[in-house]
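Source file upload.cif; content: mmCIF, C-alpha atoms.
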data_model
#
loop_
_atom_site.group_PDB
_atom_site.id
_atom_site.type_symbol
_atom_site.label_atom_id
_atom_site.label_comp_id
_atom_site.auth_asym_id
_atom_site.auth_seq_id
_atom_site.Cartn_x
_atom_site.Cartn_y
_atom_site.Cartn_z
ATOM 1 C CA MET A 1 70.453 39.617 -35.767
ATOM 2 C CA LEU A 2 70.084 43.337 -34.937
ATOM 3 C CA LYS A 3 71.031 44.420 -38.468
ATOM 4 C CA GLU A 4 68.422 42.059 -39.932
ATOM 5 C CA TYR A 5 65.847 43.313 -37.451
ATOM 6 C CA LEU A 6 66.538 46.932 -38.423
ATOM 7 C CA GLU A 7 66.345 46.057 -42.118
ATOM 8 C CA PHE A 8 62.914 44.488 -41.615
ATOM 9 C CA GLU A 9 61.752 47.377 -39.438
ATOM 10 C CA SER A 10 62.820 49.963 -42.027
ATOM 11 C CA GLN A 11 60.428 48.389 -44.515
ATOM 12 C CA VAL A 12 57.378 48.505 -42.241
ATOM 13 C CA TRP A 13 57.889 51.486 -39.904
ATOM 14 C CA PRO A 14 56.526 54.881 -40.971
ATOM 15 C CA SER A 15 58.796 57.928 -41.227
ATOM 16 C CA ILE A 16 58.809 60.552 -38.501
ATOM 17 C CA ARG A 17 58.631 63.187 -41.230
ATOM 18 C CA ASP A 18 58.927 62.983 -44.993
ATOM 19 C CA ASP A 19 61.474 65.804 -45.157
ATOM 20 C CA TYR A 20 63.989 64.043 -42.868
ATOM 21 C CA ALA A 21 67.029 62.211 -44.216
ATOM 22 C CA TYR A 22 66.320 59.218 -41.932
ATOM 23 C CA ARG A 23 62.944 57.585 -41.472
ATOM 24 C CA THR A 24 63.418 56.896 -37.759
ATOM 25 C CA PRO A 25 66.173 56.987 -35.124
ATOM 26 C CA ARG A 26 66.666 53.267 -35.729
ATOM 27 C CA ASP A 27 67.181 53.984 -39.440
ATOM 28 C CA TYR A 28 70.000 56.335 -38.397
ATOM 29 C CA VAL A 29 71.520 53.535 -36.291
ATOM 30 C CA LYS A 30 71.137 51.075 -39.163
ATOM 31 C CA GLN A 31 73.018 53.374 -41.527
ATOM 32 C CA HIS A 32 75.720 54.697 -39.174
ATOM 33 C CA GLY A 33 76.051 52.099 -36.414
ATOM 34 C CA ARG A 34 78.624 49.403 -35.985
ATOM 35 C CA LEU A 35 78.569 46.063 -34.198
ATOM 36 C CA TYR A 36 80.796 45.747 -31.138
ATOM 37 C CA GLU A 37 82.725 42.641 -30.214
ATOM 38 C CA SER A 38 82.923 41.053 -26.806
ATOM 39 C CA GLN A 39 86.439 41.898 -25.556
ATOM 40 C CA ALA A 40 87.863 41.742 -22.065
ATOM 41 C CA LEU A 41 89.039 44.996 -20.527
ATOM 42 C CA THR A 42 92.704 45.042 -19.557
ATOM 43 C CA GLY A 43 93.848 45.670 -15.989
ATOM 44 C CA PRO A 44 94.587 49.353 -16.674
ATOM 45 C CA GLU A 45 91.196 49.763 -18.408
ATOM 46 C CA LEU A 46 89.429 48.204 -15.410
ATOM 47 C CA GLY A 47 91.343 50.559 -13.103
ATOM 48 C CA TYR A 48 90.268 53.523 -15.195
ATOM 49 C CA LEU A 49 86.632 52.348 -15.163
ATOM 50 C CA ALA A 50 86.840 52.005 -11.371
ATOM 51 C CA ARG A 51 87.970 55.645 -11.150
ATOM 52 C CA LEU A 52 85.058 56.753 -13.364
ATOM 53 C CA ILE A 53 82.552 54.794 -11.263
ATOM 54 C CA HIS A 54 84.026 56.252 -8.071
ATOM 55 C CA ARG A 55 83.762 59.765 -9.535
ATOM 56 C CA VAL A 56 80.045 59.272 -10.333
ATOM 57 C CA GLY A 57 79.418 57.634 -6.972
ATOM 58 C CA HIS A 58 76.130 55.761 -7.391
ATOM 59 C CA GLY A 59 74.725 52.418 -8.479
ATOM 60 C CA PHE A 60 73.402 53.159 -11.988
ATOM 61 C CA PRO A 61 69.646 52.517 -11.786
ATOM 62 C CA ILE A 62 67.765 50.410 -14.319
ATOM 63 C CA ARG A 63 65.861 52.157 -17.142
ATOM 64 C CA GLN A 64 68.347 55.050 -17.059
ATOM 65 C CA CYS A 65 70.790 53.862 -19.735
ATOM 66 C CA TYR A 66 71.313 57.242 -21.402
ATOM 67 C CA ALA A 67 71.831 59.072 -18.101
ATOM 68 C CA ASN A 68 74.041 56.361 -16.576
ATOM 69 C CA SER A 69 76.299 56.163 -19.616
ATOM 70 C CA GLN A 70 76.454 59.892 -20.314
ATOM 71 C CA GLU A 71 77.277 60.556 -16.671
ATOM 72 C CA LEU A 72 80.227 58.126 -16.814
ATOM 73 C CA VAL A 73 81.421 59.645 -20.085
ATOM 74 C CA LEU A 74 81.305 63.139 -18.600
ATOM 75 C CA ALA A 75 83.206 61.873 -15.547
ATOM 76 C CA SER A 76 86.087 61.187 -17.936
ATOM 77 C CA LEU A 77 86.544 64.974 -18.195
ATOM 78 C CA LYS A 78 87.624 64.956 -14.542
ATOM 79 C CA VAL A 79 89.431 61.602 -14.608
ATOM 80 C CA ARG A 80 91.912 62.259 -17.402
ATOM 81 C CA ASP A 81 93.957 59.407 -18.787
ATOM 82 C CA ASP A 82 95.677 59.610 -22.175
ATOM 83 C CA GLU A 83 95.747 55.820 -22.605
ATOM 84 C CA HIS A 84 91.979 55.311 -22.432
ATOM 85 C CA GLN A 85 89.562 56.662 -25.004
ATOM 86 C CA VAL A 86 86.001 56.917 -23.684
ATOM 87 C CA LYS A 87 82.999 57.347 -25.964
ATOM 88 C CA TYR A 88 79.258 57.339 -25.528
ATOM 89 C CA VAL A 89 77.362 54.934 -27.799
ATOM 90 C CA GLU A 90 73.690 54.958 -28.631
ATOM 91 C CA GLY A 91 71.890 52.288 -30.565
ATOM 92 C CA MET A 92 70.396 48.910 -29.817
ATOM 93 C CA THR A 93 71.051 45.719 -27.954
ATOM 94 C CA ASN A 94 69.113 42.508 -27.821
ATOM 95 C CA ALA A 95 67.978 41.852 -24.278
ATOM 96 C CA ILE A 96 64.940 39.576 -24.503
ATOM 97 C CA ILE A 97 63.906 41.619 -27.522
ATOM 98 C CA PRO A 98 65.797 44.332 -29.432
ATOM 99 C CA ILE A 99 65.745 47.555 -27.395
ATOM 100 C CA ASP A 100 66.987 51.107 -27.878
ATOM 101 C CA HIS A 101 69.921 51.557 -25.546
ATOM 102 C CA GLY A 102 72.891 53.692 -24.512
ATOM 103 C CA TRP A 103 76.263 52.527 -23.190
ATOM 104 C CA LEU A 104 79.884 53.634 -23.266
ATOM 105 C CA THR A 105 83.102 52.215 -24.607
ATOM 106 C CA ILE A 106 86.614 52.310 -23.270
ATOM 107 C CA ASN A 107 89.054 51.792 -26.127
ATOM 108 C CA SER A 108 86.127 50.453 -28.227
ATOM 109 C CA LYS A 109 85.190 47.834 -25.590
ATOM 110 C CA VAL A 110 81.572 47.799 -24.376
ATOM 111 C CA VAL A 111 80.767 48.920 -20.844
ATOM 112 C CA ASP A 112 77.041 48.772 -20.086
ATOM 113 C CA PRO A 113 76.344 50.156 -16.599
ATOM 114 C CA THR A 114 72.577 49.709 -16.841
ATOM 115 C CA LEU A 115 71.353 46.454 -18.369
ATOM 116 C CA ARG A 116 71.501 43.565 -15.913
ATOM 117 C CA PHE A 117 72.001 39.984 -17.029
ATOM 118 C CA ARG A 118 70.267 37.100 -15.374
ATOM 119 C CA ASP A 119 72.350 34.358 -13.789
ATOM 120 C CA CYS A 120 70.970 31.822 -16.261
ATOM 121 C CA ASP A 121 72.402 33.654 -19.285
ATOM 122 C CA PRO A 122 74.711 31.171 -21.014
ATOM 123 C CA GLY A 123 78.272 32.352 -21.293
ATOM 124 C CA TRP A 124 77.905 34.987 -18.598
ATOM 125 C CA THR A 125 81.004 35.949 -16.622
ATOM 126 C CA ASP A 126 80.312 38.280 -13.715
ATOM 127 C CA ASN A 127 82.584 41.154 -12.704
ATOM 128 C CA GLU A 128 83.225 43.050 -9.486
ATOM 129 C CA LEU A 129 82.997 46.635 -10.763
ATOM 130 C CA LEU A 130 79.476 46.435 -12.179
ATOM 131 C CA PRO A 131 77.966 43.137 -10.987
ATOM 132 C CA SER A 132 75.593 41.420 -13.443
ATOM 133 C CA ARG A 133 76.473 43.918 -16.188
ATOM 134 C CA VAL A 134 78.665 44.027 -19.256
ATOM 135 C CA VAL A 135 82.241 45.126 -18.660
ATOM 136 C CA GLY A 136 83.905 44.241 -21.946
ATOM 137 C CA LEU A 137 82.676 40.666 -22.205
ATOM 138 C CA PHE A 138 79.129 39.662 -23.049
ATOM 139 C CA PRO A 139 77.433 36.383 -23.973
ATOM 140 C CA GLU A 140 77.746 35.176 -27.556
ATOM 141 C CA HIS A 141 74.039 35.622 -28.325
ATOM 142 C CA ARG A 142 74.079 39.309 -27.282
ATOM 143 C CA GLU A 143 74.774 42.103 -29.728
ATOM 144 C CA TYR A 144 75.545 45.775 -29.328
ATOM 145 C CA LEU A 145 74.967 47.897 -32.442
ATOM 146 C CA GLY A 146 75.437 51.632 -32.101
ATOM 147 C CA VAL A 147 76.749 55.024 -33.128
ATOM 148 C CA GLU A 148 79.633 56.567 -31.178
ATOM 149 C CA PHE A 149 79.612 60.097 -29.818
ATOM 150 C CA SER A 150 82.627 61.886 -28.387
ATOM 151 C CA VAL A 151 82.878 63.251 -24.865
ATOM 152 C CA ASP A 152 82.577 66.751 -26.368
ATOM 153 C CA ASP A 153 79.343 65.778 -28.197
ATOM 154 C CA VAL A 154 77.835 64.553 -24.922
ATOM 155 C CA LYS A 155 79.030 67.611 -23.031
ATOM 156 C CA ALA A 156 77.456 69.958 -25.610
ATOM 157 C CA TYR A 157 74.179 67.997 -25.631
ATOM 158 C CA VAL A 158 73.836 67.976 -21.834
ATOM 159 C CA ARG A 159 74.841 71.629 -21.591
ATOM 160 C CA ARG A 160 72.225 72.683 -24.184
ATOM 161 C CA LEU A 161 69.351 70.626 -22.789
ATOM 162 C CA LYS A 162 70.382 70.650 -19.125
ATOM 163 C CA GLN A 163 69.472 66.966 -18.894
ATOM 164 C CA TYR A 164 70.580 63.516 -20.010
ATOM 165 C CA GLY A 165 68.743 61.682 -22.776
ATOM 166 C CA THR A 166 68.804 60.147 -26.200
ATOM 167 C CA MET A 167 70.944 62.081 -28.648
ATOM 168 C CA ILE A 168 69.687 60.312 -31.778
ATOM 169 C CA ASP A 169 65.974 60.499 -30.956
ATOM 170 C CA ASN A 170 66.299 64.055 -29.644
ATOM 171 C CA TYR A 171 62.695 65.213 -29.863
ATOM 172 C CA TRP A 172 63.454 68.254 -27.668
ATOM 173 C CA GLU A 173 65.311 69.798 -30.607
ATOM 174 C CA ALA A 174 63.152 68.228 -33.362
ATOM 175 C CA HIS A 175 65.543 65.357 -34.164
ATOM 176 C CA PRO A 176 68.554 67.311 -35.478
ATOM 177 C CA LEU A 177 70.546 64.188 -36.458
ATOM 178 C CA LEU A 178 67.660 62.875 -38.553
ATOM 179 C CA ARG A 179 67.142 66.046 -40.598
ATOM 180 C CA LYS A 180 68.393 66.553 -44.135
ATOM 181 C CA THR A 181 71.425 68.780 -44.313
ATOM 182 C CA ALA A 182 71.092 71.719 -46.666
#

Encoded form (structure tokens):
Amino acid sequence: MLKEYLEFESQVWPSIRDDYAYRTPRDYVKQHGRLYESQALTGPELGYLARLIHRVGHGFPIRQCYANSQELVLASLKVRDDEHQVKYVEGMTNAIIPIDHGWLTINSKVVDPTLRFRDCDPGWTDNELLPSRVVGLFPEHREYLGVEFSVDDVKAYVRRLKQYGTMIDNYWEAHPLLRKTA
């Protein structure tokens, strides 16, 4: 569903600038993103996530998806574990409607510390670490489509801008990922 939505949107949405390689941040996601599957985290992965959450030490407020996810990814610099690969992902998910969103993955499994699910969501299985949120498993009708960034990419971005935020739609630096490369 998200890929079809982005295909439709690319036909009707105007470009940010004519000299950019991508029309919009969503065009970048359409061309470089991948769909993630619902997969349960293993016991060791859940333990690692618990250590990351403990390191960050707060409840991950709504409407702060980029900050919440980037903060957890950066916590992995202090909570080293060679068995678990953490990445930051930016793209889209379909809540009630398709939305721009940021989350993280542990060994390519979705962990969404921000978006809450309602109790009436069919197929929802709650978890103890991040109640009402995605920890590996998500309902069949949900999709996560995004572009992965390494811990080092996030670290460099936050260090340069001294804040958390969208890396694809980075208007502070005039959308560097959307520009044509010379």

At a cut-off of 7 Å, using all atoms listed in the file, what residues contact range 49-56 of chain A? Leave out same-chain residues fewer than 2 positions from it and give the result as a ChimeraX atom specification. /A:45-47,58,72,75-76,79,129

Could you give me, as a list in words, the residues within 8 Å of Lys87 in chain A, counting only C-alpha atoms and dropping anything in the same chain fewer than 6 positions from it?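 After dropping sequence-adjacent residues, the list is Val73, Leu104, Thr105, Ile106, Ser108, Glu148, Phe149, Ser150 and Val151 of chain A.
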
Go ahead and dump the residues you just picked, C-alpha atoms, as a PDB file, in the frame of the given file.
ATOM      1  CA  VAL A  73      81.421  59.645 -20.085  1.00  0.00           C
ATOM      2  CA  LEU A 104      79.884  53.634 -23.266  1.00  0.00           C
ATOM      3  CA  THR A 105      83.102  52.215 -24.607  1.00  0.00           C
ATOM      4  CA  ILE A 106      86.614  52.310 -23.270  1.00  0.00           C
ATOM      5  CA  SER A 108      86.127  50.453 -28.227  1.00  0.00           C
ATOM      6  CA  GLU A 148      79.633  56.567 -31.178  1.00  0.00           C
ATOM      7  CA  PHE A 149      79.612  60.097 -29.818  1.00  0.00           C
ATOM      8  CA  SER A 150      82.627  61.886 -28.387  1.00  0.00           C
ATOM      9  CA  VAL A 151      82.878  63.251 -24.865  1.00  0.00           C
TER      10      VAL A 151
END

On this structure, which residues satisfy the PyMOL selection byres ((chain A and resi 132) around 6), written as a ChimeraX atom specification? /A:116-117,126,131,133

Ranking A:Leu115, A:Met167, A:Ile99, A:Val12 by minimum distance to Phe138 in chain A and counting all atoms listed in the file, which one comes first?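 The answer is A:Leu115, which sits nearest to Phe138 in chain A.
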
For Gln11 in chain A, which residue among A:Thr24, A:Gln85, A:Gln163, A:Asn94 is the nearest when counting all atoms listed in the file?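 The closest residue to Gln11 in chain A is A:Thr24.
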
Would you kindly return, as a ChimeraX atom specification, each protein, DNA or RNA residue with an atom no farther than 12 Å from any atom of range 158-161 of chain A, considering all atoms listed in the file and excluding same-chain residues fewer than 5 positions away? /A:66-67,70-71,73-74,151-153,166-167,170-173

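For the point (71.0, 53.0, -30.0) in file coordinates, the residues within 9 Å, using all atoms listed in the file, are Pro25, Arg26, Val29, Gly33, Val89, Glu90, Gly91, Met92, Thr93, Ile99, Asp100, His101, Gly102, Trp103, Tyr144, Leu145, Gly146, Val147, Thr166 and Ile168 of chain A.
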
Where does the PyMOL selection byres ((chain A and resi 41) around 9) land in this file, that is, which residues does it pick, as a PyMOL selection string? chain A and resi 39-40+42-46+106-107+109-110+135-137
